[in-house]
$ cat my_file.cif   # mmCIF, C-alpha atoms and all ligand atoms; chains and numbers go by the auth columns
data_final
#
loop_
_atom_site.group_PDB
_atom_site.id
_atom_site.type_symbol
_atom_site.label_atom_id
_atom_site.label_comp_id
_atom_site.label_asym_id
_atom_site.label_seq_id
_atom_site.Cartn_x
_atom_site.Cartn_y
_atom_site.Cartn_z
_atom_site.B_iso_or_equiv
_atom_site.auth_seq_id
_atom_site.auth_asym_id
ATOM 1 C CA MET A 1 61.584 21.530 -28.525 0.00 1 A
ATOM 2 C CA GLY A 2 62.173 22.227 -24.894 0.00 2 A
ATOM 3 C CA THR A 3 61.073 25.850 -25.117 0.00 3 A
ATOM 4 C CA ILE A 4 57.646 27.463 -25.116 0.00 4 A
ATOM 5 C CA LYS A 5 56.394 30.998 -25.649 0.00 5 A
ATOM 6 C CA ILE A 6 53.686 32.435 -23.432 0.00 6 A
ATOM 7 C CA LYS A 7 52.623 35.951 -24.287 0.00 7 A
ATOM 8 C CA ASP A 8 55.821 38.027 -24.282 0.00 8 A
ATOM 9 C CA LYS A 9 58.108 35.504 -22.598 0.00 9 A
ATOM 10 C CA ILE A 10 60.145 32.463 -23.608 0.00 10 A
ATOM 11 C CA PHE A 11 60.465 29.569 -21.175 0.00 11 A
ATOM 12 C CA ALA A 12 62.812 26.575 -21.274 0.00 12 A
ATOM 13 C CA VAL A 13 62.331 23.191 -19.594 0.00 13 A
ATOM 14 C CA SER A 14 64.056 23.143 -16.231 0.00 14 A
ATOM 15 C CA ILE A 15 62.424 20.177 -14.487 0.00 15 A
ATOM 16 C CA PRO A 16 61.248 17.343 -16.724 0.00 16 A
ATOM 17 C CA ASP A 17 58.060 15.397 -16.092 0.00 17 A
ATOM 18 C CA ALA A 18 59.932 12.253 -14.987 0.00 18 A
ATOM 19 C CA LYS A 19 61.846 14.119 -12.286 0.00 19 A
ATOM 20 C CA ILE A 20 58.650 15.746 -11.007 0.00 20 A
ATOM 21 C CA GLN A 21 56.890 12.364 -10.834 0.00 21 A
ATOM 22 C CA GLN A 22 59.845 10.829 -9.011 0.00 22 A
ATOM 23 C CA GLU A 23 59.891 13.529 -6.323 0.00 23 A
ATOM 24 C CA VAL A 24 56.095 13.607 -5.925 0.00 24 A
ATOM 25 C CA LYS A 25 56.196 9.840 -5.404 0.00 25 A
ATOM 26 C CA ARG A 26 58.927 10.220 -2.794 0.00 26 A
ATOM 27 C CA VAL A 27 56.859 12.772 -0.861 0.00 27 A
ATOM 28 C CA ALA A 28 53.774 10.536 -1.077 0.00 28 A
ATOM 29 C CA GLU A 29 55.752 7.617 0.316 0.00 29 A
ATOM 30 C CA GLU A 30 56.869 9.755 3.266 0.00 30 A
ATOM 31 C CA MET A 31 53.230 10.663 3.870 0.00 31 A
ATOM 32 C CA ASN A 32 52.132 7.034 3.596 0.00 32 A
ATOM 33 C CA ARG A 33 54.513 6.319 6.469 0.00 33 A
ATOM 34 C CA ASP A 34 53.997 9.446 8.617 0.00 34 A
ATOM 35 C CA LEU A 35 50.238 9.868 8.304 0.00 35 A
ATOM 36 C CA LYS A 36 49.071 6.262 8.185 0.00 36 A
ATOM 37 C CA ASP A 37 46.952 6.390 11.333 0.00 37 A
ATOM 38 C CA LYS A 38 46.036 10.080 11.203 0.00 38 A
ATOM 39 C CA ASN A 39 43.127 10.166 8.761 0.00 39 A
ATOM 40 C CA PRO A 40 44.571 13.316 7.175 0.00 40 A
ATOM 41 C CA LEU A 41 42.550 15.935 5.341 0.00 41 A
ATOM 42 C CA PHE A 42 44.541 17.300 2.410 0.00 42 A
ATOM 43 C CA LEU A 43 43.724 20.870 1.448 0.00 43 A
ATOM 44 C CA SER A 44 44.830 21.692 -2.058 0.00 44 A
ATOM 45 C CA VAL A 45 45.233 25.415 -2.611 0.00 45 A
ATOM 46 C CA LEU A 46 43.780 26.382 -5.989 0.00 46 A
ATOM 47 C CA ASN A 47 44.598 27.130 -8.684 0.00 47 A
ATOM 48 C CA GLY A 48 48.299 26.310 -8.781 0.00 48 A
ATOM 49 C CA SER A 49 48.383 23.042 -6.848 0.00 49 A
ATOM 50 C CA PHE A 50 45.802 21.043 -8.789 0.00 50 A
ATOM 51 C CA MET A 51 48.294 18.914 -10.724 0.00 51 A
ATOM 52 C CA PHE A 52 50.537 18.290 -7.742 0.00 52 A
ATOM 53 C CA ALA A 53 47.513 17.369 -5.621 0.00 53 A
ATOM 54 C CA SER A 54 46.278 14.986 -8.299 0.00 54 A
ATOM 55 C CA ASP A 55 49.581 13.134 -8.697 0.00 55 A
ATOM 56 C CA LEU A 56 50.145 13.126 -4.941 0.00 56 A
ATOM 57 C CA MET A 57 46.747 11.510 -4.318 0.00 57 A
ATOM 58 C CA ARG A 58 47.411 8.834 -6.906 0.00 58 A
ATOM 59 C CA ASN A 59 50.462 7.798 -4.904 0.00 59 A
ATOM 60 C CA LEU A 60 48.766 7.808 -1.492 0.00 60 A
ATOM 61 C CA THR A 61 47.553 4.467 -0.166 0.00 61 A
ATOM 62 C CA ILE A 62 46.398 5.541 3.304 0.00 62 A
ATOM 63 C CA PRO A 63 42.873 6.528 4.351 0.00 63 A
ATOM 64 C CA CYS A 64 42.602 10.252 3.602 0.00 64 A
ATOM 65 C CA GLU A 65 40.336 12.980 2.291 0.00 65 A
ATOM 66 C CA ILE A 66 41.012 15.875 -0.019 0.00 66 A
ATOM 67 C CA SER A 67 39.305 19.208 -0.406 0.00 67 A
ATOM 68 C CA PHE A 68 40.104 22.333 -2.386 0.00 68 A
ATOM 69 C CA VAL A 69 40.428 25.861 -1.074 0.00 69 A
ATOM 70 C CA LYS A 70 41.246 29.228 -2.486 0.00 70 A
ATOM 71 C CA LEU A 71 42.604 32.452 -1.121 0.00 71 A
ATOM 72 C CA ALA A 72 40.331 35.066 -2.630 0.00 72 A
ATOM 73 C CA SER A 73 40.685 38.822 -2.489 0.00 73 A
ATOM 74 C CA TYR A 74 38.318 40.171 0.112 0.00 74 A
ATOM 75 C CA GLN A 75 35.295 41.861 -1.426 0.00 75 A
ATOM 76 C CA GLY A 76 33.891 44.868 0.358 0.00 76 A
ATOM 77 C CA THR A 77 35.140 47.575 2.607 0.00 77 A
ATOM 78 C CA SER A 78 38.183 45.900 4.114 0.00 78 A
ATOM 79 C CA SER A 79 41.014 48.355 4.520 0.00 79 A
ATOM 80 C CA SER A 80 43.734 45.731 4.340 0.00 80 A
ATOM 81 C CA GLY A 81 43.675 45.214 0.594 0.00 81 A
ATOM 82 C CA LYS A 82 46.451 42.636 0.686 0.00 82 A
ATOM 83 C CA MET A 83 44.827 40.136 3.058 0.00 83 A
ATOM 84 C CA LYS A 84 42.804 37.388 1.444 0.00 84 A
ATOM 85 C CA GLU A 85 39.943 35.247 2.658 0.00 85 A
ATOM 86 C CA LEU A 86 39.990 31.473 2.773 0.00 86 A
ATOM 87 C CA VAL A 87 37.099 30.248 0.635 0.00 87 A
ATOM 88 C CA GLY A 88 35.687 26.859 -0.253 0.00 88 A
ATOM 89 C CA LEU A 89 36.371 25.061 3.005 0.00 89 A
ATOM 90 C CA SER A 90 33.178 23.272 4.012 0.00 90 A
ATOM 91 C CA GLU A 91 34.832 20.383 5.878 0.00 91 A
ATOM 92 C CA ASN A 92 35.049 20.494 9.640 0.00 92 A
ATOM 93 C CA VAL A 93 38.768 20.612 10.392 0.00 93 A
ATOM 94 C CA LYS A 94 38.386 20.727 14.160 0.00 94 A
ATOM 95 C CA GLY A 95 40.644 18.082 15.691 0.00 95 A
ATOM 96 C CA ARG A 96 41.890 16.899 12.274 0.00 96 A
ATOM 97 C CA THR A 97 45.353 16.416 10.874 0.00 97 A
ATOM 98 C CA VAL A 98 45.409 18.880 8.001 0.00 98 A
ATOM 99 C CA VAL A 99 47.981 18.868 5.198 0.00 99 A
ATOM 100 C CA ILE A 100 48.146 22.028 3.102 0.00 100 A
ATOM 101 C CA VAL A 101 49.074 21.225 -0.487 0.00 101 A
ATOM 102 C CA GLU A 102 50.676 24.197 -2.265 0.00 102 A
ATOM 103 C CA ASP A 103 52.365 24.646 -5.601 0.00 103 A
ATOM 104 C CA ILE A 104 55.163 26.942 -4.497 0.00 104 A
ATOM 105 C CA VAL A 105 56.418 28.772 -1.438 0.00 105 A
ATOM 106 C CA ASP A 106 58.301 31.901 -2.398 0.00 106 A
ATOM 107 C CA THR A 107 58.443 34.604 0.301 0.00 107 A
ATOM 108 C CA GLY A 108 56.171 32.462 2.478 0.00 108 A
ATOM 109 C CA PHE A 109 53.685 35.246 3.224 0.00 109 A
ATOM 110 C CA THR A 110 50.823 33.441 1.462 0.00 110 A
ATOM 111 C CA MET A 111 51.473 30.290 3.480 0.00 111 A
ATOM 112 C CA GLN A 112 51.765 32.223 6.738 0.00 112 A
ATOM 113 C CA HIS A 113 48.404 33.866 6.073 0.00 113 A
ATOM 114 C CA LEU A 114 46.791 30.539 5.172 0.00 114 A
ATOM 115 C CA LEU A 115 48.133 28.924 8.338 0.00 115 A
ATOM 116 C CA ALA A 116 46.663 31.709 10.463 0.00 116 A
ATOM 117 C CA LYS A 117 43.270 31.338 8.774 0.00 117 A
ATOM 118 C CA LEU A 118 43.257 27.570 9.278 0.00 118 A
ATOM 119 C CA MET A 119 44.348 27.803 12.908 0.00 119 A
ATOM 120 C CA GLU A 120 41.132 29.708 13.642 0.00 120 A
ATOM 121 C CA ARG A 121 39.287 26.452 12.929 0.00 121 A
ATOM 122 C CA SER A 122 41.149 24.463 15.594 0.00 122 A
ATOM 123 C CA PRO A 123 42.711 21.558 13.718 0.00 123 A
ATOM 124 C CA LYS A 124 44.737 19.046 15.710 0.00 124 A
ATOM 125 C CA GLU A 125 47.827 19.777 13.618 0.00 125 A
ATOM 126 C CA ILE A 126 48.757 21.317 10.284 0.00 126 A
ATOM 127 C CA HIS A 127 51.517 20.072 8.006 0.00 127 A
ATOM 128 C CA ILE A 128 52.726 21.906 4.926 0.00 128 A
ATOM 129 C CA ALA A 129 53.449 20.161 1.649 0.00 129 A
ATOM 130 C CA THR A 130 54.751 22.154 -1.277 0.00 130 A
ATOM 131 C CA LEU A 131 55.797 21.063 -4.722 0.00 131 A
ATOM 132 C CA LEU A 132 58.430 23.789 -4.917 0.00 132 A
ATOM 133 C CA LEU A 133 60.384 25.924 -2.503 0.00 133 A
ATOM 134 C CA LYS A 134 62.587 28.895 -3.337 0.00 134 A
ATOM 135 C CA PRO A 135 64.721 28.833 -0.201 0.00 135 A
ATOM 136 C CA ASP A 136 66.597 32.035 -1.035 0.00 136 A
ATOM 137 C CA LYS A 137 63.370 34.018 -1.080 0.00 137 A
ATOM 138 C CA LEU A 138 61.795 32.719 2.128 0.00 138 A
ATOM 139 C CA GLN A 139 61.198 35.611 4.523 0.00 139 A
ATOM 140 C CA VAL A 140 59.142 34.039 7.285 0.00 140 A
ATOM 141 C CA ASP A 141 59.802 31.202 9.680 0.00 141 A
ATOM 142 C CA LEU A 142 57.863 28.235 8.310 0.00 142 A
ATOM 143 C CA ASP A 143 58.116 24.593 9.243 0.00 143 A
ATOM 144 C CA ILE A 144 57.659 22.982 5.828 0.00 144 A
ATOM 145 C CA LYS A 145 57.530 19.257 6.353 0.00 145 A
ATOM 146 C CA TYR A 146 57.204 18.073 2.758 0.00 146 A
ATOM 147 C CA VAL A 147 59.082 19.686 -0.138 0.00 147 A
ATOM 148 C CA ALA A 148 59.177 17.904 -3.475 0.00 148 A
ATOM 149 C CA MET A 149 61.884 20.142 -4.978 0.00 149 A
ATOM 150 C CA HIS A 150 64.023 23.167 -4.142 0.00 150 A
ATOM 151 C CA ILE A 151 64.483 25.629 -6.985 0.00 151 A
ATOM 152 C CA PRO A 152 66.511 28.772 -7.633 0.00 152 A
ATOM 153 C CA ASN A 153 65.088 32.215 -7.577 0.00 153 A
ATOM 154 C CA ASP A 154 63.654 32.313 -11.118 0.00 154 A
ATOM 155 C CA PHE A 155 60.104 32.555 -12.393 0.00 155 A
ATOM 156 C CA ILE A 156 58.691 29.198 -13.476 0.00 156 A
ATOM 157 C CA VAL A 157 55.546 27.883 -15.167 0.00 157 A
ATOM 158 C CA GLY A 158 54.006 24.517 -15.983 0.00 158 A
ATOM 159 C CA TYR A 159 52.628 21.603 -13.986 0.00 159 A
ATOM 160 C CA GLY A 160 49.851 23.788 -12.605 0.00 160 A
ATOM 161 C CA LEU A 161 51.797 27.040 -12.358 0.00 161 A
ATOM 162 C CA ASP A 162 50.897 29.925 -14.625 0.00 162 A
ATOM 163 C CA TYR A 163 52.114 33.062 -16.273 0.00 163 A
ATOM 164 C CA ASP A 164 49.133 35.398 -16.436 0.00 164 A
ATOM 165 C CA GLY A 165 46.752 32.439 -16.451 0.00 165 A
ATOM 166 C CA TYR A 166 48.562 30.410 -19.127 0.00 166 A
ATOM 167 C CA GLY A 167 51.017 27.530 -18.996 0.00 167 A
ATOM 168 C CA ARG A 168 49.351 25.454 -16.279 0.00 168 A
ATOM 169 C CA ASN A 169 48.751 22.576 -18.684 0.00 169 A
ATOM 170 C CA TYR A 170 52.364 21.531 -19.298 0.00 170 A
ATOM 171 C CA ARG A 171 53.727 18.316 -17.765 0.00 171 A
ATOM 172 C CA ASP A 172 57.226 19.749 -17.356 0.00 172 A
ATOM 173 C CA ILE A 173 58.293 22.803 -15.390 0.00 173 A
ATOM 174 C CA TYR A 174 59.795 25.671 -17.392 0.00 174 A
ATOM 175 C CA THR A 175 61.968 28.573 -16.315 0.00 175 A
ATOM 176 C CA VAL A 176 61.770 31.981 -17.933 0.00 176 A
ATOM 177 C CA VAL A 177 64.623 32.772 -20.299 0.00 177 A
ATOM 178 C CA GLU A 178 66.034 36.248 -19.691 0.00 178 A
HETATM 179 P P1 LIG B . 54.651 33.852 -1.511 0.00 201 B
HETATM 180 O O1 LIG B . 53.527 34.437 -0.705 0.00 201 B
HETATM 181 O O2 LIG B . 55.256 32.617 -0.897 0.00 201 B
HETATM 182 O O3 LIG B . 55.682 34.864 -1.859 0.00 201 B
HETATM 183 O O4 LIG B . 54.052 33.502 -2.931 0.00 201 B
HETATM 184 C C1 LIG B . 53.432 32.337 -3.210 0.00 201 B
HETATM 185 C C2 LIG B . 52.642 32.482 -4.492 0.00 201 B
HETATM 186 O O5 LIG B . 53.327 33.291 -5.462 0.00 201 B
HETATM 187 C C3 LIG B . 52.458 31.145 -5.125 0.00 201 B
HETATM 188 O O6 LIG B . 51.314 30.474 -4.631 0.00 201 B
HETATM 189 C C4 LIG B . 52.365 31.493 -6.593 0.00 201 B
HETATM 190 O O7 LIG B . 51.042 31.839 -6.901 0.00 201 B
HETATM 191 C C5 LIG B . 53.222 32.726 -6.741 0.00 201 B
HETATM 192 N N1 LIG B . 54.586 32.413 -7.248 0.00 201 B
HETATM 193 C C6 LIG B . 55.745 32.574 -6.600 0.00 201 B
HETATM 194 N N2 LIG B . 56.800 32.224 -7.363 0.00 201 B
HETATM 195 C C7 LIG B . 56.275 31.831 -8.555 0.00 201 B
HETATM 196 C C8 LIG B . 56.861 31.352 -9.788 0.00 201 B
HETATM 197 O O8 LIG B . 58.075 31.195 -9.982 0.00 201 B
HETATM 198 N N3 LIG B . 55.979 31.035 -10.790 0.00 201 B
HETATM 199 C C9 LIG B . 54.627 31.168 -10.657 0.00 201 B
HETATM 200 N N4 LIG B . 53.875 30.821 -11.699 0.00 201 B
HETATM 201 N N5 LIG B . 54.050 31.621 -9.511 0.00 201 B
HETATM 202 C C10 LIG B . 54.870 31.943 -8.480 0.00 201 B
HETATM 203 MG MG MG B . 49.850 28.783 -4.782 0.00 202 B
#
$ encode --input "my_file.cif" --output "C-alpha cells" --more "lines below"
Ligand code: 5GP
Ligand code: MG
Amino acid sequence: MGTIKIKDKIFAVSIPDAKIQQEVKRVAEEMNRDLKDKNPLFLSVLNGSFMFASDLMRNLTIPCEISFVKLASYQGTSSSGKMKELVGLSENVKGRTVVIVEDIVDTGFTMQHLLAKLMERSPKEIHIATLLLKPDKLQVDLDIKYVAMHIPNDFIVGYGLDYDGYGRNYRDIYTVVE
C-alpha cells in the first residue's frame, strides 16, 4: 500500500488525505474571514482543481458563487500556439471579487496568462488560491494570497491532478518515484 502505478510510472503517497483536508479547511477559514462581505465569485480552473474546489466550498460558510473555467488551446489561425483562451465563463465578473481556484502553480505562466485574461473583464479585484505551490519553480511575480501547501520540485498526482489523464481520482497526493 502507499504506492500506485500509472502507465510507466510508480508513485508513492507524499501528502495523505487528512493533511490535505486540514490545510484546505485552514484556507477556507481564512476566506470566511477575509471575504465575508465581498460576495466572492470563485472560478475553479478545470480539470485539475475540481477536488480542491469541492472541498473548499464545503468549508465555506459565507455568501459566494462558484463557476468553472478552462484554458483551452486556441483553435484556428493564431500564430501564438502557446497562448490559450479562457472558456466557460458566462458570469459577469465586472466589479466582482474574483477568486481563482487552481490545483498547482509551478512556473506561474499559466496563472499569469489567466490573470491577464480575467483583467480584460474588469473585476473589482482578483485573488489567487492554489492547492499547491512549487516555490522553487516560480518564474513570475505573482501575489498568491491563499496556498494550501508548498511542495518540492517533483511531479505529483492525485486529488484532481493527473499523469496523462489518470490518477485524478485518488484522495491522497502521490509523488513520482525516480
Ligand atoms: P505553470 O504554468 O505554473 O508552470 O503550470 C501549471 C500547470 O502545470 C498546472 O495547472 C498543472 O496542469 C501542471 N503541473 C505543474 N506541475 C505539476 C505536477 O507536479 N503534477 C501535475 N499533475 N501537473 C502539474
Ligand atoms: Mg491547473
$ residues_near_ligand --input "my_file.cif" --ligand "ligand LIG 201 (chain B)" --cutoff "10 Å" --atoms "only C-alpha atoms and all ligand atoms" --output "ChimeraX atom specification"
/A:45-49,71,102-114,130,132-134,137-140,151-168,173-176
$ atom_distance --input "my_file.cif" --atom1 "CA of Ser14 (chain A)" --atom2 "CA of Glu178 (chain A)"
13.7 Å
$ closest_residue --input "my_file.cif" --among "A:Ala53, A:Leu35, A:Val98, A:Met119" --to "Gln21 (chain A)" --atoms "all atoms listed in the file"
A:Ala53
$ atom_distance --input "my_file.cif" --atom1 "CA of Val177 (chain A)" --atom2 "CA of Asp55 (chain A)"
27.3 Å
$ atom_distance --input "my_file.cif" --atom1 "CA of Asp37 (chain A)" --atom2 "CA of Lys25 (chain A)"
19.4 Å
$ resolve_selection --input "my_file.cif" --expression "the PyMOL selection byres (((chain A and resi 44) around 6) and not hetatm)" --output "number ranges by chain"
A: 43, 45, 68, 101
$ closest_residue --input "my_file.cif" --among "A:Asn59, A:Met51, A:Cys64, A:Ser122" --to "ligand MG 202 (chain B)" --atoms "only C-alpha atoms and all ligand atoms"
A:Met51
$ resolve_selection --input "my_file.cif" --expression "the PyMOL selection byres (((chain A and resi 67) around 8) and not hetatm)" --output "PDB file with C-alpha atoms, keeping the file's coordinate frame"
ATOM      1  CA  LEU A  41      42.550  15.935   5.341  1.00  0.00           C
ATOM      2  CA  PHE A  42      44.541  17.300   2.410  1.00  0.00           C
ATOM      3  CA  LEU A  43      43.724  20.870   1.448  1.00  0.00           C
ATOM      4  CA  SER A  44      44.830  21.692  -2.058  1.00  0.00           C
ATOM      5  CA  GLU A  65      40.336  12.980   2.291  1.00  0.00           C
ATOM      6  CA  ILE A  66      41.012  15.875  -0.019  1.00  0.00           C
ATOM      7  CA  PHE A  68      40.104  22.333  -2.386  1.00  0.00           C
ATOM      8  CA  VAL A  69      40.428  25.861  -1.074  1.00  0.00           C
ATOM      9  CA  LEU A  89      36.371  25.061   3.005  1.00  0.00           C
ATOM     10  CA  GLU A  91      34.832  20.383   5.878  1.00  0.00           C
TER      11      GLU A  91
END
$ residues_around --input "my_file.cif" --residues "Lys94 (chain A)" --least-positions-apart "5" --cutoff "7 Å" --atoms "all atoms listed in the file" --output "compact mmCIF listing (two decimals) with C-alpha atoms, in the frame of the given file"
# COMPACT_ATOMS: atom_id res chain seq x y z
CA ARG A 121 39.29 26.45 12.93
CA SER A 122 41.15 24.46 15.59
CA PRO A 123 42.71 21.56 13.72
CA LYS A 124 44.74 19.05 15.71
$ closest_residue --input "my_file.cif" --among "A:Lys5, A:Arg171, A:Val93, A:Leu60" --to "Asp34 (chain A)" --atoms "only C-alpha atoms"
A:Leu60
$ decode --input "my_file.cif" --residues "region 56-159 of chain A" --atoms "C-alpha atoms" --output "mmCIF file, in the first residue's frame"
data_model
loop_
_atom_site.group_PDB
_atom_site.id
_atom_site.type_symbol
_atom_site.label_atom_id
_atom_site.label_comp_id
_atom_site.auth_asym_id
_atom_site.auth_seq_id
_atom_site.Cartn_x
_atom_site.Cartn_y
_atom_site.Cartn_z
ATOM 1 C CA LEU A 56 -13.034 24.243 -0.322
ATOM 2 C CA MET A 57 -16.708 25.028 -0.980
ATOM 3 C CA ARG A 58 -17.834 22.555 1.649
ATOM 4 C CA ASN A 59 -15.844 24.526 4.208
ATOM 5 C CA LEU A 60 -17.057 27.976 3.137
ATOM 6 C CA THR A 61 -19.906 29.491 5.131
ATOM 7 C CA ILE A 62 -20.062 32.933 3.503
ATOM 8 C CA PRO A 63 -22.320 34.021 0.637
ATOM 9 C CA CYS A 64 -20.432 33.102 -2.540
ATOM 10 C CA GLU A 65 -20.773 31.721 -6.043
ATOM 11 C CA ILE A 66 -18.666 29.258 -7.959
ATOM 12 C CA SER A 67 -18.157 28.757 -11.656
ATOM 13 C CA PHE A 68 -15.801 26.610 -13.696
ATOM 14 C CA VAL A 69 -13.441 27.743 -16.419
ATOM 15 C CA LYS A 70 -10.902 26.151 -18.660
ATOM 16 C CA LEU A 71 -7.871 27.325 -20.541
ATOM 17 C CA ALA A 72 -8.293 25.752 -23.949
ATOM 18 C CA SER A 73 -5.833 25.704 -26.813
ATOM 19 C CA TYR A 74 -6.862 28.297 -29.344
ATOM 20 C CA GLN A 75 -8.430 26.758 -32.432
ATOM 21 C CA GLY A 76 -7.757 28.431 -35.739
ATOM 22 C CA THR A 77 -5.069 30.515 -37.281
ATOM 23 C CA SER A 78 -3.478 32.023 -34.194
ATOM 24 C CA SER A 79 0.266 32.239 -34.573
ATOM 25 C CA SER A 80 0.964 32.116 -30.856
ATOM 26 C CA GLY A 81 0.437 28.401 -30.377
ATOM 27 C CA LYS A 82 1.222 28.546 -26.673
ATOM 28 C CA MET A 83 -1.429 31.074 -25.628
ATOM 29 C CA LYS A 84 -4.741 29.646 -24.515
ATOM 30 C CA GLU A 85 -8.249 31.034 -24.449
ATOM 31 C CA LEU A 86 -10.380 31.327 -21.346
ATOM 32 C CA VAL A 87 -13.547 29.325 -21.964
ATOM 33 C CA GLY A 88 -16.695 28.636 -19.992
ATOM 34 C CA LEU A 89 -17.015 31.958 -18.209
ATOM 35 C CA SER A 90 -20.602 33.130 -18.617
ATOM 36 C CA GLU A 91 -20.827 35.089 -15.350
ATOM 37 C CA ASN A 92 -20.404 38.835 -15.407
ATOM 38 C CA VAL A 93 -17.264 39.485 -13.374
ATOM 39 C CA LYS A 94 -17.327 43.251 -13.780
ATOM 40 C CA GLY A 95 -16.935 44.850 -10.354
ATOM 41 C CA ARG A 96 -16.765 41.462 -8.586
ATOM 42 C CA THR A 97 -14.285 39.999 -6.159
ATOM 43 C CA VAL A 98 -12.959 37.011 -8.067
ATOM 44 C CA VAL A 99 -11.003 34.147 -6.504
ATOM 45 C CA ILE A 100 -9.149 31.899 -8.936
ATOM 46 C CA VAL A 101 -9.028 28.331 -7.657
ATOM 47 C CA GLU A 102 -6.095 26.372 -9.115
ATOM 48 C CA ASP A 103 -4.619 22.977 -8.424
ATOM 49 C CA ILE A 104 -0.960 23.898 -8.709
ATOM 50 C CA VAL A 105 1.266 26.833 -9.552
ATOM 51 C CA ASP A 106 4.558 25.677 -10.994
ATOM 52 C CA THR A 107 6.362 28.239 -13.184
ATOM 53 C CA GLY A 108 3.380 30.574 -12.800
ATOM 54 C CA PHE A 109 2.990 31.248 -16.526
ATOM 55 C CA THR A 110 -0.469 29.648 -16.663
ATOM 56 C CA MET A 111 -1.657 31.797 -13.766
ATOM 57 C CA GLN A 112 -0.148 34.951 -15.254
ATOM 58 C CA HIS A 113 -1.976 34.294 -18.520
ATOM 59 C CA LEU A 114 -5.252 33.594 -16.714
ATOM 60 C CA LEU A 115 -4.934 36.799 -14.698
ATOM 61 C CA ALA A 116 -4.426 38.825 -17.872
ATOM 62 C CA LYS A 117 -7.491 37.243 -19.487
ATOM 63 C CA LEU A 118 -9.647 37.926 -16.433
ATOM 64 C CA MET A 119 -8.447 41.511 -16.080
ATOM 65 C CA GLU A 120 -9.939 42.236 -19.510
ATOM 66 C CA ARG A 121 -13.354 41.726 -17.901
ATOM 67 C CA SER A 122 -12.852 44.435 -15.268
ATOM 68 C CA PRO A 123 -13.342 42.660 -11.950
ATOM 69 C CA LYS A 124 -13.039 44.718 -8.778
ATOM 70 C CA GLU A 125 -10.197 42.516 -7.539
ATOM 71 C CA ILE A 126 -8.713 39.089 -8.178
ATOM 72 C CA HIS A 127 -7.288 36.804 -5.512
ATOM 73 C CA ILE A 128 -5.394 33.610 -6.236
ATOM 74 C CA ALA A 129 -5.967 30.403 -4.314
ATOM 75 C CA THR A 130 -3.899 27.353 -5.118
ATOM 76 C CA LEU A 131 -3.841 23.939 -3.540
ATOM 77 C CA LEU A 132 -0.131 23.546 -4.239
ATOM 78 C CA LEU A 133 2.810 25.805 -4.912
ATOM 79 C CA LYS A 134 6.279 24.774 -6.043
ATOM 80 C CA PRO A 135 8.135 27.854 -4.836
ATOM 81 C CA ASP A 136 11.471 26.821 -6.346
ATOM 82 C CA LYS A 137 9.978 26.763 -9.826
ATOM 83 C CA LEU A 138 8.100 30.068 -9.754
ATOM 84 C CA GLN A 139 9.395 32.336 -12.517
ATOM 85 C CA VAL A 140 6.945 35.222 -12.489
ATOM 86 C CA ASP A 141 5.964 37.732 -9.851
ATOM 87 C CA LEU A 142 2.607 36.555 -8.516
ATOM 88 C CA ASP A 143 0.761 37.655 -5.421
ATOM 89 C CA ILE A 144 -0.706 34.334 -4.287
ATOM 90 C CA LYS A 145 -2.931 35.039 -1.334
ATOM 91 C CA TYR A 146 -4.053 31.514 -0.469
ATOM 92 C CA VAL A 147 -1.731 28.498 -0.631
ATOM 93 C CA ALA A 148 -2.841 25.248 0.960
ATOM 94 C CA MET A 149 0.584 23.572 0.733
ATOM 95 C CA HIS A 150 4.112 24.208 -0.521
ATOM 96 C CA ILE A 151 5.768 21.239 -2.194
ATOM 97 C CA PRO A 152 9.202 20.390 -3.572
ATOM 98 C CA ASN A 153 10.027 20.317 -7.205
ATOM 99 C CA ASP A 154 8.741 16.814 -8.027
ATOM 100 C CA PHE A 155 5.923 15.620 -10.243
ATOM 101 C CA ILE A 156 2.784 14.735 -8.294
ATOM 102 C CA VAL A 157 -0.622 13.189 -8.996
ATOM 103 C CA GLY A 158 -3.857 12.574 -7.119
ATOM 104 C CA TYR A 159 -6.563 14.742 -5.585
#
